[in-house]
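A.B. asks: My questions all concern the structure below.
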2 protein chains.
Amino acid sequence: MANLHDVAKRAQVSIITVSRVINNKGNVKDETKERVLKAVEELKYYPNSLGRGLNSNKVNTIGIIIATIEEVSIHGTHYYNELMAGIERVCTKNSYDMLIPTQKKFSGKDYDYLKLYYERKVDGLLMVSPDLVPSQMEEVAENKIPCVVIGDRTEKYGISYVDSDNRGGIFRVAEFLIQKGHRKLSFLKGLKDNRHVNDRLNGFYDAVHKYGLTVRDEWLLDGDFSVDSGRNALRTLISGEDMPTAIFCANDIMALGVLFEAQAAGVKVPDQLSVIGFDGLEVHRYTNPSLATIRQPLVDMGYAAAEILFQKLKGPADLPETRIFPVELLMGGSIKV
Amino acid sequence: MANLHDVAKRAQVSIITVSRVINNKGNVKDETKERVLKAVEELKYYPNSLGRGLNSNKVNTIGIIIATIEEVSIHGTHYYNELMAGIERVCTKNSYDMLIPTQKKFSGKDYDYLKLYYERKVDGLLMVSPDLVPSQMEEVAENKIPCVVIGDRTEKYGISYVDSDNRGGIFRVAEFLIQKGHRKLSFLKGLKDNRHVNDRLNGFYDAVHKYGLTVRDEWLLDGDFSVDSGRNALRTLISGEDMPTAIFCANDIMALGVLFEAQAAGVKVPDQLSVIGFDGLEVHRYTNPSLATIRQPLVDMGYAAAEILFQKLKGPADLPETRIFPVELLMGGSIKV
DNA sequence: AAACATTTTGTTAACGCAAACAATCAGTGA
DNA sequence: TCACTGATTGTTTGCGTTAACAAAATGTTT
């Protein structure tokens, strides 16, 4: 592999002159420049990013820290794809590459989210719903590590973040239904009690409390994000003493299960039961009736997070910036209005 | 940021001793080792991967060259996710990170697929359905660049690849239908005539020719991978002089369109028309009737490709290895048997 | 205790690049 | 012609690491 030295020798100039030509920095006579470029071409010279990075402390790469792709892609969501698509656009614009670490453990302890940065493999970090412990958060803030969090609220540490307003979104949709006359609302929860799922449930409660509705215990259903748990939920409702008029599902896949079982059991959607999903999967348009669902603007969120990160990489990295994106109700025939 | 020198000073040893401890290489007295590790801990030392890479010519990263994520994720396919999930597993196993380049152009010319490697940002390359020109292929082969192609057949260049047998798969499904009595087969093509889409069509032709069937011109339909083009296709068939008894669709989304329009137009599926999709989208189980579809084992393909690449990174990189994965028919109610 | 082997530690150089500084050259005005 | 300016080119150094070689310390045998 040719290096600067080889090119310099061939072009009959010094190393630094070649460097200047490559980087378009400093004055070089046109004639010399041509000679150098010719040598670069002939030797198929590529600047070594390691040498470059070692010297300039910049590698033109950002790290994207995220659960395993497999994990993020389950339940049929487009979460990972859309987020990445947004991030990718900004990276392309800025000529940066994206690095995805795979080692989720570091010397037996919890994953060291900052390893990638400290090792100088990346210039900055995008962290997707990280499980940072407080000490790590403080480390990020104190050391002014260029970093933006997606899907968590980190304001108390002074760390920039981008999130969607799940809670407010569900609240508004629930409010909308209540205003349309619904009084008996139910909620089908998801598998783990992570923050996102709780937010959704909280938005539901916000509306319920605001309008002084009562939610029967049997209307708070447990699910595991699967179609079957949606089916089960509907059966549970049917076998109860009183049917709700609407059910909020923590994800679309479970909402599908509810729809299918409703059809099988002869429950009319939306006349007897309105069904609301969460995720905005493409399928929602293809069910019968079509499924009303709530969608996070994931592409925009990825884009925004990356934009904030690059802003930090260029200027001072210490000013925390924050963006909350509203979620969107994708209307469907599964809601009675 | 602490470097080897700082750690050495604190531990009262020489730089190379610290290096030895970090890399578990060579003999170091237990007592010394402890002192060094203590200093590492106290100074929060992380080995700089740039210095390391520059010296050892190894960066523990592989590059994944693929069209933009946005592009690969359209039409609702899980192509990208599944492939990446397979690759990720192998990378995790081998403690390698994954680098995704974003610059699809290099100095105004076509994308330089090898840039990442020549710049020493990665140790090897996984190339997903690349549009390599012959000279680049030869370059890969001649220079023994560790590289595995996914989704193309590169045997004539001696480059390792992993692919699925789309052609054979469709052939077998078509043959199956023919054996079940179908004589009038139609095919709904996709947008561009890329190799994959052609393969699918060719498999169809293989079966048609083998059994001496005639395919009316109006049974070869043009589509653009969208639901609407599926709907249009069905309308075209209805308005024709003779209806086929089965339609193969180049992707699932178009097959959905066919199903929907069939329902709207009163065409009975599968009694009057069998519908076969391609991709194996999750939705296929949720339509009514469920959609028969053909699935590539993408996770396995990603896994296999990565495995081959790591084998090259360890041993001699010149022996080309190849794997063709059979596709799978996911049965559904949309086929009359 | 001397000779030797083995373990342990250290010195130097190199990887490829660019910043800081130094030197040369051509052109300009006095 | 000479001093001066600006353009152009070159030399040296350091970024952080490890390999190769060198030296010192320890242990073992006679």
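Letters for chains follow the order of the structure tokens (A, B, ...), residue numbers begin at 1 for each chain, and ligand numbers begin at 1 in the order shown.
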Write out as a list in words which residues come within 9 Å of stretch 270-274 of chain A when counting only C-alpha atoms (C1' of nucleotides), dropping same-chain ones fewer than 3 positions away.

C.D. replies: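 Selected residues are Met243, Pro244, Thr245, Ala246, Ile247, Phe248, Ala262, Val267, Pro289, Ala292, Gly333, Ser334, Ile335, Lys336 and Val337 of chain A.
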
A.B. asks: Give me, as number ranges by chain, the contact residues of chain B against chain A at a cut-off of 8 Å, counting only C-alpha atoms.

C.D. replies: B: 1, 46-51, 53-54, 68-70, 73, 76, 81-82, 84-85, 88, 91-92, 95-103, 115, 118-121, 282-283, 287

A.B. asks: Counting only C-alpha atoms (C1' of nucleotides), which residues of chain C come no farther than 7 Å from chain A, as number ranges by chain?

C.D. replies: C: 16-18

A.B. asks: Within 10 Å of chain B, which residues of chain D come that close, and what is the closest atom pair and distance in Å for each? Count only C-alpha atoms (C1' of nucleotides) and give it as a Markdown table.

C.D. replies:
```
| residue | atom | partner | partner_atom | distance |
| --- | --- | --- | --- | --- |
| D:DC15 | C1' | B:Gly51 | CA | 8.1 |
| D:DG16 | C1' | B:Gly51 | CA | 4.4 |
| D:DT17 | C1' | B:Gly51 | CA | 4.5 |
| D:DT18 | C1' | B:Asn55 | CA | 6.1 |
| D:DA19 | C1' | B:Asn55 | CA | 8.7 |
```

A.B. asks: Please identify all polymer residues within 7 Å of B:Leu234, counting only C-alpha atoms (C1' of nucleotides), omitting same-chain residues fewer than 4 positions from it, and present them as number ranges by chain.

C.D. replies: B: 230, 238, 258, 261-262

A.B. asks: Would you list, as a PyMOL selection string, the residues of stretch 12-72 of chain A that end up in strand (DSSP E or B) under DSSP run on this structure's backbone?

C.D. replies: chain A and resi 61-65

A.B. asks: Store the residues picked out above in a file with N, CA and C atoms, as a CSV table (one decimal), in the first residue's frame.

C.D. replies:
```csv
chain,number,residue,atom,x,y,z
A,61,THR,N,-16.1,9.7,12.1
A,61,THR,CA,-17.0,8.6,12.3
A,61,THR,C,-17.8,8.9,13.6
A,62,ILE,N,-19.1,8.5,13.6
A,62,ILE,CA,-19.8,8.6,14.8
A,62,ILE,C,-20.3,7.2,15.2
A,63,GLY,N,-20.5,7.0,16.5
A,63,GLY,CA,-20.9,5.7,17.0
A,63,GLY,C,-22.4,5.7,17.3
A,64,ILE,N,-23.0,4.6,17.0
A,64,ILE,CA,-24.4,4.5,17.3
A,64,ILE,C,-24.6,3.4,18.2
A,65,ILE,N,-25.0,3.7,19.5
A,65,ILE,CA,-25.1,2.8,20.5
A,65,ILE,C,-26.5,2.4,20.7
```

A.B. asks: Please list as a list in words every residue within 8 Å of stretch 129-133 of chain B, counting only C-alpha atoms (C1' of nucleotides) and excluding residues in the same chain fewer than 4 positions away.

C.D. replies: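 What passes the distance filter is Ile65, Ile66, Tyr113, Met137, Val149, Ile150, Gly151 and Asp152 of chain B.
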
A.B. asks: Write out as a ChimeraX atom specification which residues come within 12 Å of C:DA30 when counting only C-alpha atoms (C1' of nucleotides), dropping same-chain ones fewer than 5 positions away.

C.D. replies: /D:1-4

A.B. asks: Using DSSP secondary structure from the backbone, list all alpha helix (DSSP H) positions within stretch 74-319 of chain B, as an mmCIF file with N, CA and C atoms, in the first residue's frame.

C.D. replies:
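Generated file (states_19.cif):
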```
data_model
loop_
_atom_site.group_PDB
_atom_site.id
_atom_site.type_symbol
_atom_site.label_atom_id
_atom_site.label_comp_id
_atom_site.auth_asym_id
_atom_site.auth_seq_id
_atom_site.Cartn_x
_atom_site.Cartn_y
_atom_site.Cartn_z
ATOM 1 N N TYR B 79 -35.367 -6.831 4.843
ATOM 2 C CA TYR B 79 -34.104 -7.224 4.244
ATOM 3 C C TYR B 79 -32.914 -6.788 5.084
ATOM 4 N N TYR B 80 -32.823 -5.500 5.283
ATOM 5 C CA TYR B 80 -31.693 -4.930 5.997
ATOM 6 C C TYR B 80 -31.578 -5.471 7.416
ATOM 7 N N ASN B 81 -32.683 -5.418 8.150
ATOM 8 C CA ASN B 81 -32.664 -5.851 9.541
ATOM 9 C C ASN B 81 -32.182 -7.275 9.715
ATOM 10 N N GLU B 82 -32.740 -8.163 8.940
ATOM 11 C CA GLU B 82 -32.412 -9.571 9.138
ATOM 12 C C GLU B 82 -30.971 -9.863 8.770
ATOM 13 N N LEU B 83 -30.555 -9.300 7.640
ATOM 14 C CA LEU B 83 -29.173 -9.475 7.217
ATOM 15 C C LEU B 83 -28.235 -8.973 8.316
ATOM 16 N N MET B 84 -28.507 -7.778 8.797
ATOM 17 C CA MET B 84 -27.655 -7.176 9.822
ATOM 18 C C MET B 84 -27.686 -7.983 11.116
ATOM 19 N N ALA B 85 -28.847 -8.511 11.453
ATOM 20 C CA ALA B 85 -28.948 -9.288 12.685
ATOM 21 C C ALA B 85 -28.003 -10.484 12.613
ATOM 22 N N GLY B 86 -27.961 -11.143 11.458
ATOM 23 C CA GLY B 86 -27.067 -12.281 11.285
ATOM 24 C C GLY B 86 -25.613 -11.866 11.361
ATOM 25 N N ILE B 87 -25.288 -10.779 10.699
ATOM 26 C CA ILE B 87 -23.916 -10.281 10.695
ATOM 27 C C ILE B 87 -23.493 -9.883 12.110
ATOM 28 N N GLU B 88 -24.405 -9.203 12.779
ATOM 29 C CA GLU B 88 -24.113 -8.708 14.126
ATOM 30 C C GLU B 88 -23.720 -9.838 15.081
ATOM 31 N N ARG B 89 -24.425 -10.941 14.975
ATOM 32 C CA ARG B 89 -24.123 -12.054 15.863
ATOM 33 C C ARG B 89 -22.686 -12.511 15.719
ATOM 34 N N VAL B 90 -22.256 -12.640 14.481
ATOM 35 C CA VAL B 90 -20.895 -13.109 14.246
ATOM 36 C C VAL B 90 -19.878 -12.073 14.711
ATOM 37 N N CYS B 91 -20.178 -10.813 14.479
ATOM 38 C CA CYS B 91 -19.268 -9.757 14.920
ATOM 39 C C CYS B 91 -19.140 -9.747 16.430
ATOM 40 N N THR B 92 -20.250 -9.914 17.099
ATOM 41 C CA THR B 92 -20.226 -9.948 18.559
ATOM 42 C C THR B 92 -19.332 -11.080 19.030
ATOM 43 N N LYS B 93 -19.510 -12.225 18.399
ATOM 44 C CA LYS B 93 -18.724 -13.401 18.748
ATOM 45 C C LYS B 93 -17.227 -13.136 18.603
ATOM 46 N N ASN B 94 -16.874 -12.358 17.591
ATOM 47 C CA ASN B 94 -15.467 -12.135 17.285
ATOM 48 C C ASN B 94 -14.932 -10.802 17.825
ATOM 49 N N LYS B 115 -12.623 1.877 -0.854
ATOM 50 C CA LYS B 115 -12.073 3.009 -0.101
ATOM 51 C C LYS B 115 -11.899 2.684 1.376
ATOM 52 N N LEU B 116 -12.962 2.200 1.968
ATOM 53 C CA LEU B 116 -12.977 1.901 3.394
ATOM 54 C C LEU B 116 -11.812 0.993 3.778
ATOM 55 N N TYR B 117 -11.552 0.028 2.914
ATOM 56 C CA TYR B 117 -10.494 -0.918 3.196
ATOM 57 C C TYR B 117 -9.114 -0.279 2.986
ATOM 58 N N TYR B 118 -8.962 0.425 1.899
ATOM 59 C CA TYR B 118 -7.663 1.036 1.611
ATOM 60 C C TYR B 118 -7.311 2.119 2.629
ATOM 61 N N PRO B 134 -16.326 -4.853 -13.442
ATOM 62 C CA PRO B 134 -15.344 -5.940 -13.533
ATOM 63 C C PRO B 134 -13.953 -5.571 -13.024
ATOM 64 N N SER B 135 -13.487 -4.357 -13.313
ATOM 65 C CA SER B 135 -12.140 -4.000 -12.882
ATOM 66 C C SER B 135 -12.033 -3.995 -11.361
ATOM 67 N N GLN B 136 -13.114 -3.608 -10.697
ATOM 68 C CA GLN B 136 -13.085 -3.612 -9.242
ATOM 69 C C GLN B 136 -13.078 -5.039 -8.697
ATOM 70 N N MET B 137 -13.864 -5.881 -9.347
ATOM 71 C CA MET B 137 -13.900 -7.284 -8.944
ATOM 72 C C MET B 137 -12.505 -7.881 -9.039
ATOM 73 N N GLU B 138 -11.849 -7.596 -10.146
ATOM 74 C CA GLU B 138 -10.505 -8.144 -10.331
ATOM 75 C C GLU B 138 -9.552 -7.605 -9.273
ATOM 76 N N GLU B 139 -9.748 -6.337 -8.942
ATOM 77 C CA GLU B 139 -8.911 -5.719 -7.920
ATOM 78 C C GLU B 139 -9.081 -6.447 -6.582
ATOM 79 N N VAL B 140 -10.326 -6.728 -6.237
ATOM 80 C CA VAL B 140 -10.608 -7.444 -4.990
ATOM 81 C C VAL B 140 -9.908 -8.796 -4.994
ATOM 82 N N ALA B 141 -10.065 -9.501 -6.106
ATOM 83 C CA ALA B 141 -9.510 -10.844 -6.195
ATOM 84 C C ALA B 141 -7.983 -10.804 -6.205
ATOM 85 N N GLU B 142 -7.411 -9.960 -7.038
ATOM 86 C CA GLU B 142 -5.953 -9.896 -7.179
ATOM 87 C C GLU B 142 -5.263 -9.493 -5.878
ATOM 88 N N ASN B 166 -33.249 -17.878 -5.454
ATOM 89 C CA ASN B 166 -34.560 -17.332 -5.841
ATOM 90 C C ASN B 166 -35.142 -18.078 -7.036
ATOM 91 N N ARG B 167 -34.292 -18.263 -8.023
ATOM 92 C CA ARG B 167 -34.747 -18.870 -9.263
ATOM 93 C C ARG B 167 -35.269 -20.274 -9.035
ATOM 94 N N GLY B 168 -34.431 -21.056 -8.356
ATOM 95 C CA GLY B 168 -34.831 -22.432 -8.073
ATOM 96 C C GLY B 168 -36.054 -22.482 -7.178
ATOM 97 N N GLY B 169 -36.136 -21.519 -6.265
ATOM 98 C CA GLY B 169 -37.249 -21.500 -5.332
ATOM 99 C C GLY B 169 -38.564 -21.262 -6.046
ATOM 100 N N ILE B 170 -38.593 -20.244 -6.882
ATOM 101 C CA ILE B 170 -39.829 -19.947 -7.608
ATOM 102 C C ILE B 170 -40.148 -21.108 -8.549
ATOM 103 N N PHE B 171 -39.098 -21.654 -9.137
ATOM 104 C CA PHE B 171 -39.314 -22.795 -10.024
ATOM 105 C C PHE B 171 -40.053 -23.904 -9.292
ATOM 106 N N ARG B 172 -39.579 -24.226 -8.109
ATOM 107 C CA ARG B 172 -40.187 -25.339 -7.389
ATOM 108 C C ARG B 172 -41.625 -25.045 -6.972
ATOM 109 N N VAL B 173 -41.867 -23.792 -6.584
ATOM 110 C CA VAL B 173 -43.232 -23.435 -6.203
ATOM 111 C C VAL B 173 -44.151 -23.505 -7.432
ATOM 112 N N ALA B 174 -43.640 -23.006 -8.549
ATOM 113 C CA ALA B 174 -44.448 -23.050 -9.775
ATOM 114 C C ALA B 174 -44.714 -24.499 -10.173
ATOM 115 N N GLU B 175 -43.671 -25.306 -10.078
ATOM 116 C CA GLU B 175 -43.805 -26.719 -10.410
ATOM 117 C C GLU B 175 -44.861 -27.385 -9.523
ATOM 118 N N PHE B 176 -44.806 -27.021 -8.256
ATOM 119 C CA PHE B 176 -45.769 -27.540 -7.285
ATOM 120 C C PHE B 176 -47.201 -27.192 -7.716
ATOM 121 N N LEU B 177 -47.400 -25.948 -8.114
ATOM 122 C CA LEU B 177 -48.725 -25.528 -8.544
ATOM 123 C C LEU B 177 -49.156 -26.267 -9.806
ATOM 124 N N ILE B 178 -48.224 -26.406 -10.710
ATOM 125 C CA ILE B 178 -48.535 -27.096 -11.966
ATOM 126 C C ILE B 178 -48.953 -28.532 -11.684
ATOM 127 N N GLN B 179 -48.212 -29.165 -10.788
ATOM 128 C CA GLN B 179 -48.552 -30.539 -10.432
ATOM 129 C C GLN B 179 -49.923 -30.633 -9.772
ATOM 130 N N ARG B 195 -31.093 -7.886 -10.994
ATOM 131 C CA ARG B 195 -30.833 -9.305 -11.107
ATOM 132 C C ARG B 195 -31.788 -10.148 -10.284
ATOM 133 N N HIS B 196 -32.083 -9.660 -9.079
ATOM 134 C CA HIS B 196 -32.949 -10.435 -8.202
ATOM 135 C C HIS B 196 -34.324 -10.644 -8.815
ATOM 136 N N VAL B 197 -34.880 -9.545 -9.294
ATOM 137 C CA VAL B 197 -36.208 -9.614 -9.874
ATOM 138 C C VAL B 197 -36.193 -10.505 -11.111
ATOM 139 N N ASN B 198 -35.137 -10.387 -11.887
ATOM 140 C CA ASN B 198 -35.019 -11.234 -13.074
ATOM 141 C C ASN B 198 -34.929 -12.711 -12.711
ATOM 142 N N ASP B 199 -34.179 -12.986 -11.649
ATOM 143 C CA ASP B 199 -34.052 -14.359 -11.189
ATOM 144 C C ASP B 199 -35.421 -14.949 -10.876
ATOM 145 N N ARG B 200 -36.221 -14.142 -10.206
ATOM 146 C CA ARG B 200 -37.543 -14.636 -9.831
ATOM 147 C C ARG B 200 -38.353 -14.934 -11.087
ATOM 148 N N LEU B 201 -38.277 -14.025 -12.029
ATOM 149 C CA LEU B 201 -39.007 -14.223 -13.279
ATOM 150 C C LEU B 201 -38.475 -15.447 -14.026
ATOM 151 N N ASN B 202 -37.156 -15.607 -13.994
ATOM 152 C CA ASN B 202 -36.560 -16.729 -14.708
ATOM 153 C C ASN B 202 -36.983 -18.072 -14.127
ATOM 154 N N GLY B 203 -37.070 -18.121 -12.808
ATOM 155 C CA GLY B 203 -37.534 -19.353 -12.173
ATOM 156 C C GLY B 203 -38.936 -19.691 -12.650
ATOM 157 N N PHE B 204 -39.730 -18.654 -12.777
ATOM 158 C CA PHE B 204 -41.086 -18.810 -13.284
ATOM 159 C C PHE B 204 -41.058 -19.395 -14.704
ATOM 160 N N TYR B 205 -40.221 -18.778 -15.542
ATOM 161 C CA TYR B 205 -40.100 -19.262 -16.924
ATOM 162 C C TYR B 205 -39.610 -20.704 -16.976
ATOM 163 N N ASP B 206 -38.638 -21.017 -16.135
ATOM 164 C CA ASP B 206 -38.093 -22.377 -16.113
ATOM 165 C C ASP B 206 -39.216 -23.408 -15.996
ATOM 166 N N ALA B 207 -40.108 -23.132 -15.046
ATOM 167 C CA ALA B 207 -41.196 -24.086 -14.810
ATOM 168 C C ALA B 207 -42.164 -24.098 -15.992
ATOM 169 N N VAL B 208 -42.491 -22.905 -16.448
ATOM 170 C CA VAL B 208 -43.427 -22.780 -17.564
ATOM 171 C C VAL B 208 -42.924 -23.547 -18.784
ATOM 172 N N HIS B 209 -41.632 -23.386 -19.053
ATOM 173 C CA HIS B 209 -41.060 -24.050 -20.223
ATOM 174 C C HIS B 209 -40.974 -25.556 -20.023
ATOM 175 N N LYS B 210 -40.557 -25.937 -18.828
ATOM 176 C CA LYS B 210 -40.405 -27.365 -18.581
ATOM 177 C C LYS B 210 -41.715 -28.108 -18.838
ATOM 178 N N VAL B 227 -48.652 -1.437 -3.303
ATOM 179 C CA VAL B 227 -49.977 -2.032 -3.175
ATOM 180 C C VAL B 227 -50.831 -1.680 -4.391
ATOM 181 N N ASP B 228 -50.757 -0.420 -4.767
ATOM 182 C CA ASP B 228 -51.585 0.021 -5.879
ATOM 183 C C ASP B 228 -51.280 -0.726 -7.171
ATOM 184 N N SER B 229 -49.990 -0.979 -7.396
ATOM 185 C CA SER B 229 -49.675 -1.684 -8.635
ATOM 186 C C SER B 229 -50.189 -3.118 -8.577
ATOM 187 N N GLY B 230 -50.323 -3.657 -7.350
ATOM 188 C CA GLY B 230 -50.958 -4.970 -7.196
ATOM 189 C C GLY B 230 -52.435 -4.896 -7.556
ATOM 190 N N ARG B 231 -53.081 -3.860 -7.056
ATOM 191 C CA ARG B 231 -54.500 -3.667 -7.381
ATOM 192 C C ARG B 231 -54.692 -3.540 -8.896
ATOM 193 N N ASN B 232 -53.869 -2.684 -9.473
ATOM 194 C CA ASN B 232 -53.963 -2.476 -10.924
ATOM 195 C C ASN B 232 -53.796 -3.779 -11.685
ATOM 196 N N ALA B 233 -52.819 -4.564 -11.221
ATOM 197 C CA ALA B 233 -52.536 -5.813 -11.917
ATOM 198 C C ALA B 233 -53.785 -6.687 -11.955
ATOM 199 N N LEU B 234 -54.447 -6.774 -10.805
ATOM 200 C CA LEU B 234 -55.633 -7.631 -10.781
ATOM 201 C C LEU B 234 -56.714 -7.108 -11.731
ATOM 202 N N ARG B 235 -56.881 -5.796 -11.737
ATOM 203 C CA ARG B 235 -57.886 -5.226 -12.634
ATOM 204 C C ARG B 235 -57.564 -5.543 -14.089
ATOM 205 N N THR B 236 -56.282 -5.435 -14.417
ATOM 206 C CA THR B 236 -55.864 -5.766 -15.781
ATOM 207 C C THR B 236 -56.232 -7.206 -16.122
ATOM 208 N N LEU B 237 -55.966 -8.103 -15.166
ATOM 209 C CA LEU B 237 -56.266 -9.508 -15.422
ATOM 210 C C LEU B 237 -57.765 -9.709 -15.660
ATOM 211 N N ILE B 238 -58.563 -9.057 -14.788
ATOM 212 C CA ILE B 238 -60.014 -9.213 -14.913
ATOM 213 C C ILE B 238 -60.509 -8.745 -16.271
ATOM 214 N N SER B 239 -59.955 -7.635 -16.722
ATOM 215 C CA SER B 239 -60.441 -7.057 -17.975
ATOM 216 C C SER B 239 -59.898 -7.799 -19.196
ATOM 217 N N ASP B 252 -44.256 -9.067 -1.614
ATOM 218 C CA ASP B 252 -45.472 -9.276 -0.834
ATOM 219 C C ASP B 252 -46.436 -8.099 -0.914
ATOM 220 N N ILE B 253 -45.892 -6.911 -0.930
ATOM 221 C CA ILE B 253 -46.746 -5.724 -0.899
ATOM 222 C C ILE B 253 -47.676 -5.712 -2.120
ATOM 223 N N MET B 254 -47.136 -6.054 -3.261
ATOM 224 C CA MET B 254 -47.991 -6.126 -4.458
ATOM 225 C C MET B 254 -49.003 -7.255 -4.310
ATOM 226 N N ALA B 255 -48.565 -8.354 -3.709
ATOM 227 C CA ALA B 255 -49.489 -9.475 -3.498
ATOM 228 C C ALA B 255 -50.658 -9.044 -2.624
ATOM 229 N N LEU B 256 -50.356 -8.197 -1.631
ATOM 230 C CA LEU B 256 -51.428 -7.665 -0.794
ATOM 231 C C LEU B 256 -52.429 -6.894 -1.654
ATOM 232 N N GLY B 257 -51.904 -6.064 -2.533
ATOM 233 C CA GLY B 257 -52.773 -5.295 -3.427
ATOM 234 C C GLY B 257 -53.677 -6.210 -4.236
ATOM 235 N N VAL B 258 -53.094 -7.289 -4.727
ATOM 236 C CA VAL B 258 -53.877 -8.256 -5.502
ATOM 237 C C VAL B 258 -54.995 -8.837 -4.631
ATOM 238 N N LEU B 259 -54.637 -9.215 -3.399
ATOM 239 C CA LEU B 259 -55.635 -9.786 -2.485
ATOM 240 C C LEU B 259 -56.777 -8.800 -2.239
ATOM 241 N N PHE B 260 -56.414 -7.556 -1.946
ATOM 242 C CA PHE B 260 -57.426 -6.559 -1.620
ATOM 243 C C PHE B 260 -58.365 -6.329 -2.797
ATOM 244 N N GLU B 261 -57.766 -6.166 -3.955
ATOM 245 C CA GLU B 261 -58.582 -5.867 -5.124
ATOM 246 C C GLU B 261 -59.448 -7.072 -5.493
ATOM 247 N N ALA B 262 -58.898 -8.260 -5.249
ATOM 248 C CA ALA B 262 -59.680 -9.466 -5.524
ATOM 249 C C ALA B 262 -60.932 -9.476 -4.663
ATOM 250 N N GLN B 263 -60.755 -9.145 -3.402
ATOM 251 C CA GLN B 263 -61.887 -9.104 -2.497
ATOM 252 C C GLN B 263 -62.910 -8.066 -2.963
ATOM 253 N N ALA B 264 -62.389 -6.900 -3.344
ATOM 254 C CA ALA B 264 -63.269 -5.820 -3.798
ATOM 255 C C ALA B 264 -64.011 -6.203 -5.076
ATOM 256 N N ALA B 265 -63.317 -6.932 -5.946
ATOM 257 C CA ALA B 265 -63.907 -7.254 -7.249
ATOM 258 C C ALA B 265 -64.670 -8.573 -7.234
ATOM 259 N N LEU B 298 -32.631 -14.702 5.385
ATOM 260 C CA LEU B 298 -31.699 -13.574 5.416
ATOM 261 C C LEU B 298 -30.774 -13.577 6.628
ATOM 262 N N VAL B 299 -31.328 -13.916 7.788
ATOM 263 C CA VAL B 299 -30.471 -13.952 8.975
ATOM 264 C C VAL B 299 -29.345 -14.951 8.760
ATOM 265 N N ASP B 300 -29.704 -16.113 8.272
ATOM 266 C CA ASP B 300 -28.693 -17.151 8.030
ATOM 267 C C ASP B 300 -27.672 -16.696 6.992
ATOM 268 N N MET B 301 -28.160 -15.992 5.992
ATOM 269 C CA MET B 301 -27.246 -15.535 4.941
ATOM 270 C C MET B 301 -26.243 -14.519 5.481
ATOM 271 N N GLY B 302 -26.747 -13.594 6.287
ATOM 272 C CA GLY B 302 -25.845 -12.622 6.910
ATOM 273 C C GLY B 302 -24.825 -13.324 7.802
ATOM 274 N N TYR B 303 -25.324 -14.267 8.562
ATOM 275 C CA TYR B 303 -24.460 -15.013 9.470
ATOM 276 C C TYR B 303 -23.366 -15.748 8.691
ATOM 277 N N ALA B 304 -23.781 -16.437 7.652
ATOM 278 C CA ALA B 304 -22.827 -17.231 6.861
ATOM 279 C C ALA B 304 -21.782 -16.342 6.209
ATOM 280 N N ALA B 305 -22.235 -15.231 5.653
ATOM 281 C CA ALA B 305 -21.298 -14.323 4.978
ATOM 282 C C ALA B 305 -20.256 -13.820 5.970
ATOM 283 N N ALA B 306 -20.714 -13.427 7.141
ATOM 284 C CA ALA B 306 -19.789 -12.913 8.148
ATOM 285 C C ALA B 306 -18.817 -14.004 8.593
ATOM 286 N N GLU B 307 -19.339 -15.209 8.750
ATOM 287 C CA GLU B 307 -18.479 -16.321 9.152
ATOM 288 C C GLU B 307 -17.355 -16.530 8.140
ATOM 289 N N ILE B 308 -17.722 -16.514 6.878
ATOM 290 C CA ILE B 308 -16.718 -16.706 5.826
ATOM 291 C C ILE B 308 -15.684 -15.580 5.878
ATOM 292 N N LEU B 309 -16.174 -14.369 6.094
ATOM 293 C CA LEU B 309 -15.251 -13.230 6.151
ATOM 294 C C LEU B 309 -14.246 -13.385 7.294
ATOM 295 N N PHE B 310 -14.740 -13.765 8.463
ATOM 296 C CA PHE B 310 -13.834 -13.892 9.603
ATOM 297 C C PHE B 310 -12.835 -15.025 9.404
ATOM 298 N N GLN B 311 -13.288 -16.048 8.710
ATOM 299 C CA GLN B 311 -12.381 -17.142 8.380
ATOM 300 C C GLN B 311 -11.241 -16.599 7.520
ATOM 301 N N LYS B 312 -11.574 -15.741 6.584
ATOM 302 C CA LYS B 312 -10.555 -15.125 5.738
ATOM 303 C C LYS B 312 -9.616 -14.249 6.552
ATOM 304 N N LEU B 313 -10.204 -13.526 7.513
ATOM 305 C CA LEU B 313 -9.385 -12.619 8.321
ATOM 306 C C LEU B 313 -8.389 -13.397 9.172
ATOM 307 N N LYS B 314 -8.751 -14.609 9.514
ATOM 308 C CA LYS B 314 -7.859 -15.400 10.346
ATOM 309 C C LYS B 314 -6.815 -16.125 9.499
#
```

A.B. asks: So that I can see what lies close to C:DG27, please list as a PyMOL selection string the residues with an atom at most 12 Å from it, counting only C-alpha atoms (C1' of nucleotides) and leaving out residues fewer than 6 positions away in the same chain.

C.D. replies: chain D and resi 4-7

A.B. asks: Just the number, please: distance in Å from atom CA of B:Val162 to atom CA of B:Asn251, one decimal.

C.D. replies: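 That distance, rounded to one decimal, is 20.9 Å.
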
A.B. asks: Please list as an NGL selection string every residue within 9 Å of A:Arg10, counting only C-alpha atoms (C1' of nucleotides) and excluding residues in the same chain fewer than 5 positions away.

C.D. replies: :A and (5 or 35-36 or 39-40 or 43)
